[in-house]
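Following: one structure in structure tokens, then a few remarks.
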Amino acid sequence: MTAVVTPILHVDMDAFYASVATRDRPELRDQPVIVGGGHRGVVLSASYQARAFGVRSGMPGAQARRLCPQAVTLAPDFDAFSTVSRAVMETFRRVTPLVEVASLDEAFLDVGGAVRRLGPPEAIAEQLRARIHDEQGITCSVGLAATRSVAKLASRRAKPDGVLTIAPDQVVEQLHPLDVGELYGVGESTRSALRALGLHTVGDVARMPLEVLQHHLGRASGAHLMDLALGTDRSEVVARNAAGFGLGEPDRSMGAQETFGRDSADRGFVLRQLLRLAARVCRRMRGAGKVGRTVAITVRYADFRTLNRSRTLPEPTDVTQEVYRTAVALYDALGAHRDRLRLVGVRVEGLVSRAGVHHQLELGEPDHGWADADRAVDRAVARFGSAVVGPASLLRHDRGTRRSVAG
DNA sequence: TCTGGGGTCCTAGGACCC
DNA sequence: TCTGGGGTCCTAGGACCC
């Protein structure tokens, strides 16, 4: 039996949010559809019909509507996206346990151990595509290669609704003519830096001495980029869920941020937002059994300048009041009370499992009561549902009617 | 109607310790 | 009496991804 040379699959749903949002609405099947992009928002997903007008995800909603005024705009339903995503990932796991979920709509699979059972990787890719189409009513594209980064590149070039294999002996001819920006991890900033060095294509980078690359990009980034350009990235596919999607993953941080409906220079308003966000983050942490020591805030000014400030506590916490107090101290230390802000965020970093932390009990500890209060709130949420507190429902509706926990 | 919200990882400088 | 050198923690910032 010959060795499997392209056992790594990268599966990427086509226009995932837009596809899920319209799959039960045949009247929208051939329409330009935009998901997201409401007031002060950006496009989360655009159907291929909308993309034909130049609409892209990440684009401000206002710009998208200028480009394609006839597009149907839908609010995101993250509960539905998550449900479809979980089902898709389960389909993958019926083929191989080596499924690395990268986000709601994409995953890497190592099918090297499944070829005896299911046939060559290309056949497996087609089986998966057929199953997902039958079971979920959406299409996906698959890239096959010997490495993750090349597989990822292949899936993008296979879109929409296609399959592309890049065998090891094709890597140079396929990769090297591409713009460096096509490489995973090369965004606009790195691309500009590389262009300033006269490096435009992947091949240009591959021919550069490693030391020169590292001098300009840093040690780790330079080495990583060279690996990508040569197609020699050896990182393996590990079975895991994506960060931020729960299920026992070692989350390193949890946070929440929100752009205001309109810019505000009102300290009282900002503090109420910080409390809401701290409460939301801490509730999620308690639900996940996590505590963290570093509290960070994000402040974005009306002119889009964005600052981060953080403070590390003596002990990890999941207590809303403690995170809130720290967030307020960080905000006050900025001296931004007179400035108009468009967004604040609260994040807790350095998360560890609460079970592994021995809490130092102090006499007359003031936070004890607050921890009790948190648990009472958690019980109320568990009993009456999270319709007004869950992140998904906040995004779906309630923007005007959201209940404030601020006192 | 300009520019979301969830994350991860890397770098660099200063403090601090041995 | 003339300033090493490495490791770790903390903080700030930035790039990037979906």
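Ligands are numbered from 1 in the order shown, chains are lettered A, B, ... in the order of the structure tokens, and residues start at 1 in each chain.
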
Query raised in the report: If you count only C-alpha atoms (C1' of nucleotides), which residues fall within 12 Å of DG13 of chain B, apart from same-chain ones fewer than 6 positions away, as a VMD selection string?
Result: chain C and resid 10 to 13

Compile a residue-level contact table for chain A against chain B at a cut-off of 10 Å, reporting for every qualifying residue the shortest atom pair and its distance in Å to one decimal, with only C-alpha atoms (C1' of nucleotides) counted, rows ordered by chain and ascending number, as a Markdown table.
| residue | atom | partner | partner_atom | distance |
| --- | --- | --- | --- | --- |
| A:Gly36 | CA | B:DG4 | C1' | 9.0 |
| A:Gly37 | CA | B:DG4 | C1' | 8.4 |
| A:Gly38 | CA | B:DT1 | C1' | 9.1 |
| A:His39 | CA | B:DT1 | C1' | 6.8 |
| A:Arg40 | CA | B:DT1 | C1' | 6.9 |
| A:Gly41 | CA | B:DG4 | C1' | 5.5 |
| A:Val42 | CA | B:DG4 | C1' | 5.9 |
| A:Val43 | CA | B:DG4 | C1' | 8.6 |
| A:Leu44 | CA | B:DG4 | C1' | 8.4 |
| A:Gly58 | CA | B:DG4 | C1' | 8.3 |
| A:Met59 | CA | B:DT3 | C1' | 7.5 |
| A:Pro60 | CA | B:DT3 | C1' | 5.8 |
| A:Gly61 | CA | B:DT1 | C1' | 8.4 |
| A:Ala62 | CA | B:DT1 | C1' | 6.0 |
| A:Gln63 | CA | B:DC2 | C1' | 7.6 |
| A:Gly218 | CA | B:DT11 | C1' | 8.0 |
| A:Arg219 | CA | B:DC10 | C1' | 9.6 |
| A:Ala220 | CA | B:DC10 | C1' | 7.7 |
| A:Ser221 | CA | B:DC10 | C1' | 7.8 |
| A:Ala242 | CA | B:DG7 | C1' | 9.5 |
| A:Ala243 | CA | B:DG7 | C1' | 6.9 |
| A:Gly244 | CA | B:DG7 | C1' | 6.6 |
| A:Phe245 | CA | B:DG6 | C1' | 9.6 |
| A:Asp251 | CA | B:DG7 | C1' | 9.2 |
| A:Arg252 | CA | B:DT8 | C1' | 8.6 |
| A:Ser253 | CA | B:DG7 | C1' | 8.0 |
| A:Met254 | CA | B:DG7 | C1' | 8.1 |
| A:Gly255 | CA | B:DG6 | C1' | 7.8 |
| A:Ala256 | CA | B:DG5 | C1' | 7.5 |
| A:Gln257 | CA | B:DG5 | C1' | 6.7 |
| A:Glu258 | CA | B:DG5 | C1' | 7.5 |
| A:Thr259 | CA | B:DG4 | C1' | 7.7 |
| A:Phe304 | CA | B:DT3 | C1' | 8.2 |
| A:Gly345 | CA | B:DG5 | C1' | 9.9 |
| A:Leu395 | CA | B:DG5 | C1' | 9.9 |

May I have the residues from that selection written out with N, CA and C atoms, as a short mmCIF file (atom, residue, chain, number, x, y, z; two decimals), in the first residue's frame?
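After the write, out22.cif holds the following:
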data_model
loop_
_atom_site.label_atom_id
_atom_site.label_comp_id
_atom_site.auth_asym_id
_atom_site.auth_seq_id
_atom_site.Cartn_x
_atom_site.Cartn_y
_atom_site.Cartn_z
N GLY A 36 -25.73 40.38 9.26
CA GLY A 36 -25.07 41.37 10.10
C GLY A 36 -25.00 42.72 9.41
N GLY A 37 -24.20 43.62 9.98
CA GLY A 37 -24.05 44.93 9.36
C GLY A 37 -25.14 45.90 9.72
N GLY A 38 -25.77 45.71 10.89
CA GLY A 38 -26.78 46.65 11.35
C GLY A 38 -26.14 47.95 11.80
N HIS A 39 -26.83 48.67 12.68
CA HIS A 39 -26.34 49.96 13.15
C HIS A 39 -24.92 49.82 13.70
N ARG A 40 -23.97 50.50 13.13
CA ARG A 40 -22.57 50.53 13.54
C ARG A 40 -21.91 49.15 13.45
N GLY A 41 -22.51 48.26 12.68
CA GLY A 41 -21.97 46.90 12.59
C GLY A 41 -21.27 46.64 11.28
N VAL A 42 -20.65 45.46 11.20
CA VAL A 42 -19.98 45.06 9.97
C VAL A 42 -20.65 43.80 9.42
N VAL A 43 -20.41 43.52 8.16
CA VAL A 43 -20.97 42.34 7.51
C VAL A 43 -20.30 41.09 8.09
N LEU A 44 -21.11 40.16 8.56
CA LEU A 44 -20.56 38.91 9.09
C LEU A 44 -20.41 37.88 7.99
N GLY A 58 -16.68 41.67 7.09
CA GLY A 58 -15.82 42.62 7.74
C GLY A 58 -16.03 44.03 7.27
N MET A 59 -16.80 44.17 6.21
CA MET A 59 -17.05 45.50 5.64
C MET A 59 -18.14 46.21 6.45
N PRO A 60 -18.01 47.52 6.67
CA PRO A 60 -19.08 48.25 7.35
C PRO A 60 -20.41 48.07 6.62
N GLY A 61 -21.48 47.90 7.41
CA GLY A 61 -22.78 47.65 6.82
C GLY A 61 -23.20 48.76 5.85
N ALA A 62 -22.88 50.00 6.21
CA ALA A 62 -23.28 51.13 5.37
C ALA A 62 -22.64 51.02 3.99
N GLN A 63 -21.39 50.62 3.97
CA GLN A 63 -20.67 50.48 2.70
C GLN A 63 -21.28 49.35 1.87
N GLY A 218 10.81 39.50 13.26
CA GLY A 218 10.95 38.85 14.57
C GLY A 218 11.29 37.38 14.37
N ARG A 219 11.86 36.80 15.40
CA ARG A 219 12.37 35.43 15.28
C ARG A 219 11.29 34.41 14.95
N ALA A 220 10.27 34.40 15.80
CA ALA A 220 9.23 33.37 15.65
C ALA A 220 8.43 33.59 14.35
N SER A 221 8.02 34.83 14.14
CA SER A 221 7.19 35.10 12.96
C SER A 221 7.95 34.84 11.67
N ALA A 242 -12.75 24.52 19.06
CA ALA A 242 -12.18 25.86 18.94
C ALA A 242 -12.29 26.59 20.27
N ALA A 243 -11.32 27.44 20.54
CA ALA A 243 -11.41 28.29 21.73
C ALA A 243 -12.65 29.15 21.63
N GLY A 244 -13.26 29.39 22.76
CA GLY A 244 -14.44 30.22 22.75
C GLY A 244 -15.71 29.45 22.48
N PHE A 245 -15.59 28.16 22.17
CA PHE A 245 -16.79 27.37 21.92
C PHE A 245 -16.98 26.28 22.96
N ASP A 251 -9.56 27.46 27.72
CA ASP A 251 -9.65 28.88 27.38
C ASP A 251 -8.61 29.68 28.14
N ARG A 252 -7.94 30.59 27.48
CA ARG A 252 -6.93 31.41 28.13
C ARG A 252 -7.50 32.72 28.60
N SER A 253 -8.58 33.14 27.99
CA SER A 253 -9.20 34.39 28.42
C SER A 253 -10.67 34.38 28.02
N MET A 254 -11.44 35.19 28.73
CA MET A 254 -12.83 35.39 28.34
C MET A 254 -13.12 36.87 28.45
N GLY A 255 -13.86 37.39 27.49
CA GLY A 255 -14.13 38.81 27.52
C GLY A 255 -15.43 39.15 26.83
N ALA A 256 -15.83 40.38 27.01
CA ALA A 256 -17.01 40.89 26.33
C ALA A 256 -16.79 42.37 26.05
N GLN A 257 -17.24 42.79 24.91
CA GLN A 257 -17.12 44.21 24.58
C GLN A 257 -18.35 44.60 23.79
N GLU A 258 -18.66 45.89 23.81
CA GLU A 258 -19.82 46.33 23.07
C GLU A 258 -19.66 47.75 22.59
N THR A 259 -19.96 47.91 21.32
CA THR A 259 -19.99 49.26 20.76
C THR A 259 -21.30 49.91 21.17
N PHE A 304 -11.73 56.13 17.02
CA PHE A 304 -11.33 54.74 16.79
C PHE A 304 -9.98 54.39 17.40
N GLY A 345 -14.72 47.39 26.72
CA GLY A 345 -14.71 45.93 26.85
C GLY A 345 -14.08 45.53 28.16
N LEU A 395 -27.28 39.62 20.75
CA LEU A 395 -27.00 39.98 19.37
C LEU A 395 -28.25 39.89 18.52
#

Query - Spatial neighbours of Ala373 of chain A, max dist 12 Å, only C-alpha atoms (C1' of nucleotides), sep filter under 6 positions, as an NGL selection string - result: :A and (279 or 283 or 318-321 or 367 or 379-380)

Report task. Using DSSP on the backbone coordinates, identify the residues of segment 233-365 of chain A assigned to strand (DSSP E or B); present them as number ranges by chain. Result -> A: 240, 253-264, 290-301, 306-317, 341-349, 352-353

Suppose we keep N, CA and C atoms; can you now write the selection as a short mmCIF file (atom, residue, chain, number, x, y, z; two decimals), in the first residue's frame?
data_model
loop_
_atom_site.label_atom_id
_atom_site.label_comp_id
_atom_site.auth_asym_id
_atom_site.auth_seq_id
_atom_site.Cartn_x
_atom_site.Cartn_y
_atom_site.Cartn_z
N ARG A 240 -9.54 18.73 18.80
CA ARG A 240 -9.97 19.72 19.79
C ARG A 240 -11.06 20.62 19.22
N SER A 253 -8.58 33.14 27.99
CA SER A 253 -9.20 34.39 28.42
C SER A 253 -10.67 34.38 28.02
N MET A 254 -11.44 35.19 28.73
CA MET A 254 -12.83 35.39 28.34
C MET A 254 -13.12 36.87 28.45
N GLY A 255 -13.86 37.39 27.49
CA GLY A 255 -14.13 38.81 27.52
C GLY A 255 -15.43 39.15 26.83
N ALA A 256 -15.83 40.38 27.01
CA ALA A 256 -17.01 40.89 26.33
C ALA A 256 -16.79 42.37 26.05
N GLN A 257 -17.24 42.79 24.91
CA GLN A 257 -17.12 44.21 24.58
C GLN A 257 -18.35 44.60 23.79
N GLU A 258 -18.66 45.89 23.81
CA GLU A 258 -19.82 46.33 23.07
C GLU A 258 -19.66 47.75 22.59
N THR A 259 -19.96 47.91 21.32
CA THR A 259 -19.99 49.26 20.76
C THR A 259 -21.30 49.91 21.17
N PHE A 260 -21.22 51.14 21.66
CA PHE A 260 -22.43 51.84 22.09
C PHE A 260 -23.27 52.20 20.88
N GLY A 261 -24.57 52.36 21.12
CA GLY A 261 -25.45 52.83 20.06
C GLY A 261 -25.01 54.20 19.55
N ARG A 262 -24.53 55.03 20.46
CA ARG A 262 -23.92 56.31 20.08
C ARG A 262 -22.79 56.61 21.05
N ASP A 263 -21.82 57.39 20.58
CA ASP A 263 -20.66 57.69 21.42
C ASP A 263 -21.10 58.39 22.70
N SER A 264 -20.36 58.14 23.77
CA SER A 264 -20.74 58.70 25.06
C SER A 264 -19.53 59.21 25.82
N LYS A 290 -14.09 28.53 35.63
CA LYS A 290 -12.80 29.19 35.48
C LYS A 290 -12.68 30.38 36.43
N VAL A 291 -11.45 30.66 36.86
CA VAL A 291 -11.13 31.89 37.55
C VAL A 291 -9.89 32.48 36.90
N GLY A 292 -9.74 33.79 37.03
CA GLY A 292 -8.59 34.43 36.39
C GLY A 292 -8.06 35.58 37.22
N ARG A 293 -6.78 35.90 37.03
CA ARG A 293 -6.13 36.91 37.87
C ARG A 293 -6.00 38.27 37.19
N THR A 294 -5.94 38.29 35.87
CA THR A 294 -5.68 39.56 35.20
C THR A 294 -6.97 40.10 34.58
N VAL A 295 -7.30 41.32 34.98
CA VAL A 295 -8.48 42.00 34.45
C VAL A 295 -8.00 43.05 33.46
N ALA A 296 -8.58 43.03 32.27
CA ALA A 296 -8.17 43.99 31.24
C ALA A 296 -9.41 44.71 30.71
N ILE A 297 -9.24 45.98 30.43
CA ILE A 297 -10.31 46.71 29.76
C ILE A 297 -9.82 47.20 28.40
N THR A 298 -10.77 47.34 27.51
CA THR A 298 -10.51 47.97 26.22
C THR A 298 -11.35 49.23 26.16
N VAL A 299 -10.75 50.31 25.69
CA VAL A 299 -11.48 51.56 25.50
C VAL A 299 -11.23 52.02 24.08
N ARG A 300 -12.32 52.25 23.36
CA ARG A 300 -12.17 52.77 21.99
C ARG A 300 -12.81 54.15 21.93
N TYR A 301 -12.01 55.13 21.52
CA TYR A 301 -12.51 56.50 21.44
C TYR A 301 -13.32 56.70 20.17
N THR A 306 -7.73 52.98 20.04
CA THR A 306 -8.11 51.92 20.97
C THR A 306 -6.98 51.64 21.95
N LEU A 307 -7.32 51.62 23.23
CA LEU A 307 -6.33 51.35 24.27
C LEU A 307 -6.73 50.13 25.06
N ASN A 308 -5.71 49.44 25.57
CA ASN A 308 -5.95 48.34 26.51
C ASN A 308 -5.19 48.64 27.80
N ARG A 309 -5.82 48.34 28.91
CA ARG A 309 -5.15 48.47 30.20
C ARG A 309 -5.48 47.23 31.02
N SER A 310 -4.50 46.75 31.76
CA SER A 310 -4.74 45.54 32.54
C SER A 310 -4.10 45.63 33.91
N ARG A 311 -4.63 44.86 34.81
CA ARG A 311 -4.09 44.80 36.17
C ARG A 311 -4.23 43.37 36.66
N THR A 312 -3.18 42.89 37.31
CA THR A 312 -3.18 41.53 37.82
C THR A 312 -3.47 41.54 39.32
N LEU A 313 -4.45 40.75 39.70
CA LEU A 313 -4.88 40.68 41.10
C LEU A 313 -4.01 39.69 41.85
N PRO A 314 -3.98 39.82 43.19
CA PRO A 314 -3.19 38.87 43.99
C PRO A 314 -3.70 37.43 43.83
N GLU A 315 -5.02 37.31 43.64
CA GLU A 315 -5.59 35.98 43.52
C GLU A 315 -6.61 35.93 42.40
N PRO A 316 -6.75 34.78 41.77
CA PRO A 316 -7.75 34.67 40.70
C PRO A 316 -9.17 34.80 41.25
N THR A 317 -10.06 35.28 40.40
CA THR A 317 -11.43 35.51 40.83
C THR A 317 -12.41 35.21 39.71
N LEU A 341 -16.45 58.09 23.96
CA LEU A 341 -16.06 56.71 23.69
C LEU A 341 -17.11 56.06 22.80
N ARG A 342 -16.67 55.08 22.00
CA ARG A 342 -17.64 54.33 21.18
C ARG A 342 -17.74 52.89 21.65
N LEU A 343 -16.78 52.44 22.46
CA LEU A 343 -16.81 51.04 22.90
C LEU A 343 -16.01 50.88 24.18
N VAL A 344 -16.49 50.02 25.05
CA VAL A 344 -15.65 49.53 26.14
C VAL A 344 -15.76 48.01 26.18
N GLY A 345 -14.72 47.39 26.72
CA GLY A 345 -14.71 45.93 26.85
C GLY A 345 -14.08 45.53 28.16
N VAL A 346 -14.46 44.37 28.65
CA VAL A 346 -13.88 43.80 29.86
C VAL A 346 -13.43 42.38 29.54
N ARG A 347 -12.21 42.06 29.94
CA ARG A 347 -11.69 40.72 29.66
C ARG A 347 -10.95 40.22 30.89
N VAL A 348 -11.05 38.93 31.16
CA VAL A 348 -10.27 38.33 32.24
C VAL A 348 -9.31 37.33 31.61
N GLU A 349 -8.04 37.48 31.94
CA GLU A 349 -7.00 36.66 31.31
C GLU A 349 -6.32 35.76 32.32
N VAL A 352 -7.59 29.83 34.86
CA VAL A 352 -7.26 28.48 35.32
C VAL A 352 -8.54 27.87 35.87
N SER A 353 -8.50 26.56 36.00
CA SER A 353 -9.67 25.87 36.53
C SER A 353 -9.87 26.22 38.00
#

Requested in this report: Based on DSSP run over this structure's backbone, return all residues of segment 187-263 of chain A in helix (DSSP H, G or I), as a VMD selection string.
Outcome: chain A and resid 188 to 196 202 to 206 210 to 217 219 to 230

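For the atom pair formed by atom CA of Gln31 of chain A and atom CA of Ser141 of chain A, the distance is 20.9 Å, given to one decimal.
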
Query raised in the report: So how many Å separate atom CA of Val5 of chain A and atom CA of Leu175 of chain A, to one decimal?
Result: 17.2 Å

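Atom pair atom CA of Ile34 of chain A / atom CA of Ser57 of chain A: separated by 8.8 Å.
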